[in-house]
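Asks: Sending over a structure as structure tokens; questions will come in a sec.
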Amino acid sequence: MVLESSIPHEYYLGDLPGRLQYSKDTTEILNTDLPIDDDNCGYEFCEQSIENLNRVLPLSQSKKKWRILLMMKNAKNENGEIWIKSALLNVETGKVALLTSTNNRDNIIRRGNRPVKTVSDSWFVGHYRMSAPIIFWKELKNRIAY
């Protein structure tokens, strides 16, 4: 089961706090029970493109072959913050990476976390386990299963 995050209407899948998630097993994702929560927290499905892949892919992972399974973006902030929730498939291992990125490192620092540089110059991933609205987890399960 996914567990409630400190962010209202967001949930995370296992793992200890402060850990980047690069190797989630697809069976763990498929077997996860999901609560009912229809709040999407402002996230909408977004384009699966090389540009967006570079925005969520940490530099340390850029030599590995990743394929986008799912991306959702929240850009409905007056202050210009953009957040992307993503699930990437490691083509070689079959494991899934779960990552949250943003268009400004200060967005992460302000929340008390460490920013990790991505392939894209001005984007950063937070050094923490990813939380996301239930709609993200439902769609991820569907994309893995079908």
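By convention here, the chains of the structure tokens are called A, B, ... in the order presented, each chain's residues are numbered starting at 1, and ligands are numbered starting at 1 in the order presented.
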Applying 8 Å and only C-alpha atoms, which residues near segment 91-103 of chain A remain after dropping the ones on its own chain fewer than 4 positions away? List them as a list in words.

Replies: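 Answer for this query is Leu20, Gln21, Tyr22, Ser23, Lys24, Asp25, Thr26, Arg55, Val56, Lys65, Trp66, Arg67, Glu81, Ile82, Trp83, Ile84, Lys85, Ser86, Ala87, Asn107, Ile108, Ser122, Trp123, Phe124, Val125, Gly126, Arg129 and Met130 of chain A.
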
Asks: Kindly export the residues of the current selection with N, CA and C atoms, as a CSV table (one decimal), in the first residue's frame.

Replies:
chain,number,residue,atom,x,y,z
A,20,LEU,N,16.7,8.4,-3.0
A,20,LEU,CA,16.3,8.5,-4.4
A,20,LEU,C,15.9,7.0,-4.8
A,21,GLN,N,14.8,6.9,-5.6
A,21,GLN,CA,14.3,5.6,-5.9
A,21,GLN,C,14.6,5.3,-7.4
A,22,TYR,N,15.6,4.5,-7.6
A,22,TYR,CA,16.1,4.1,-9.0
A,22,TYR,C,15.7,2.7,-9.3
A,23,SER,N,15.3,1.9,-8.4
A,23,SER,CA,15.2,0.5,-8.7
A,23,SER,C,13.9,-0.2,-8.0
A,24,LYS,N,12.8,0.4,-8.3
A,24,LYS,CA,11.5,-0.2,-7.8
A,24,LYS,C,11.2,-1.3,-8.7
A,25,ASP,N,10.8,-2.4,-8.1
A,25,ASP,CA,10.3,-3.6,-8.8
A,25,ASP,C,8.9,-3.4,-9.4
A,26,THR,N,8.7,-3.7,-10.6
A,26,THR,CA,7.3,-3.5,-11.2
A,26,THR,C,6.2,-4.3,-10.4
A,55,ARG,N,14.8,16.7,-18.1
A,55,ARG,CA,14.4,17.5,-16.9
A,55,ARG,C,14.3,16.7,-15.7
A,56,VAL,N,14.1,15.4,-15.8
A,56,VAL,CA,13.9,14.6,-14.6
A,56,VAL,C,15.1,13.6,-14.4
A,65,LYS,N,20.3,3.6,-19.9
A,65,LYS,CA,19.2,3.8,-20.9
A,65,LYS,C,17.9,3.8,-20.1
A,66,TRP,N,17.2,4.9,-20.2
A,66,TRP,CA,15.9,5.1,-19.5
A,66,TRP,C,14.8,5.3,-20.5
A,67,ARG,N,13.6,4.8,-20.3
A,67,ARG,CA,12.4,5.1,-21.1
A,67,ARG,C,11.3,5.7,-20.2
A,81,GLU,N,6.9,28.3,-10.4
A,81,GLU,CA,7.4,26.9,-10.0
A,81,GLU,C,6.7,25.9,-11.0
A,82,ILE,N,7.5,25.0,-11.5
A,82,ILE,CA,7.0,23.9,-12.3
A,82,ILE,C,7.6,22.6,-11.6
A,83,TRP,N,6.7,21.6,-11.4
A,83,TRP,CA,7.1,20.3,-10.8
A,83,TRP,C,6.7,19.2,-11.8
A,84,ILE,N,7.6,18.2,-11.9
A,84,ILE,CA,7.2,17.1,-12.8
A,84,ILE,C,7.4,15.8,-11.9
A,85,LYS,N,6.4,15.0,-11.9
A,85,LYS,CA,6.5,13.6,-11.3
A,85,LYS,C,6.7,12.7,-12.4
A,86,SER,N,7.7,11.7,-12.2
A,86,SER,CA,8.0,10.8,-13.3
A,86,SER,C,8.3,9.4,-12.8
A,87,ALA,N,8.0,8.5,-13.7
A,87,ALA,CA,8.3,7.1,-13.6
A,87,ALA,C,9.1,6.7,-14.8
A,107,ASN,N,13.4,25.8,-5.1
A,107,ASN,CA,12.2,25.1,-4.8
A,107,ASN,C,12.4,23.9,-3.9
A,108,ILE,N,13.5,23.2,-4.0
A,108,ILE,CA,13.8,22.1,-3.3
A,108,ILE,C,14.5,22.5,-1.9
A,122,SER,N,18.7,23.8,-16.0
A,122,SER,CA,18.1,24.6,-15.0
A,122,SER,C,17.1,23.7,-14.2
A,123,TRP,N,17.1,22.4,-14.3
A,123,TRP,CA,16.2,21.6,-13.6
A,123,TRP,C,16.9,20.7,-12.5
A,124,PHE,N,16.2,20.4,-11.4
A,124,PHE,CA,16.8,19.7,-10.3
A,124,PHE,C,15.8,18.6,-9.8
A,125,VAL,N,16.3,17.5,-9.4
A,125,VAL,CA,15.6,16.5,-8.7
A,125,VAL,C,15.8,16.6,-7.2
A,126,GLY,N,14.7,16.4,-6.4
A,126,GLY,CA,14.9,16.4,-5.0
A,126,GLY,C,15.5,15.1,-4.5
A,129,ARG,N,12.4,10.4,-1.4
A,129,ARG,CA,11.5,9.5,-2.1
A,129,ARG,C,10.4,10.3,-2.7
A,130,MET,N,9.9,9.8,-3.8
A,130,MET,CA,8.8,10.6,-4.5
A,130,MET,C,7.4,10.3,-3.9

Asks: Near Ser60 of chain A, counting only C-alpha atoms, which residues have an atom at most 12 Å away, once you skip same-chain residues fewer than 2 positions from it, shown as a PyMOL selection string?

Replies: chain A and resi 20+22+54+56-58+62-64+116-119+125

Asks: Those same residues, written as a short mmCIF file (atom, residue, chain, number, x, y, z; two decimals), in the first residue's frame with C-alpha atoms?

Replies:
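Now in again_22.cif:
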data_model
loop_
_atom_site.label_atom_id
_atom_site.label_comp_id
_atom_site.auth_asym_id
_atom_site.auth_seq_id
_atom_site.Cartn_x
_atom_site.Cartn_y
_atom_site.Cartn_z
CA LEU A 20 16.27 8.46 -4.40
CA TYR A 22 16.07 4.14 -8.98
CA ASN A 54 16.32 15.45 -19.50
CA VAL A 56 13.91 14.57 -14.63
CA LEU A 57 17.05 12.49 -15.26
CA PRO A 58 19.86 13.10 -12.74
CA SER A 62 22.57 9.84 -17.78
CA LYS A 63 24.77 6.97 -19.02
CA LYS A 64 22.02 4.42 -18.39
CA VAL A 116 20.40 16.95 -7.49
CA LYS A 117 21.40 18.31 -10.91
CA THR A 118 19.61 16.87 -13.94
CA VAL A 119 20.73 16.61 -17.55
CA VAL A 125 15.56 16.46 -8.72
#

Asks: Just the residues within 7 Å of Tyr128 of chain A, please, counting only C-alpha atoms, with nothing from its chain fewer than 3 positions along; format it as a list in words.

Replies: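 Skipping anything fewer than 3 positions along the chain leaves Pro17, Gly18, Arg19 and Leu20 of chain A.
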
Asks: Taking only C-alpha atoms into account, which of A:Glu44, A:Glu51, A:Asp15, A:Glu4 comes nearest Glu139 of chain A?

Replies: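 For Glu139 of chain A, the nearest of the candidates is A:Glu44.
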
Asks: Using only C-alpha atoms for the distances, tell me which of A:Gly42, A:Leu69, A:Ile109, A:Met1 is nearest to Leu30 of chain A.

Replies: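 Looking at the shortest contact to Leu30 of chain A, the residue is A:Met1.
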
Asks: Take atom CA of His127 of chain A and atom CA of Pro115 of chain A and report the distance between them in Å, one decimal.

Replies: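 If I compute the distance from atom CA of His127 of chain A to atom CA of Pro115 of chain A, I get 6.0 Å.
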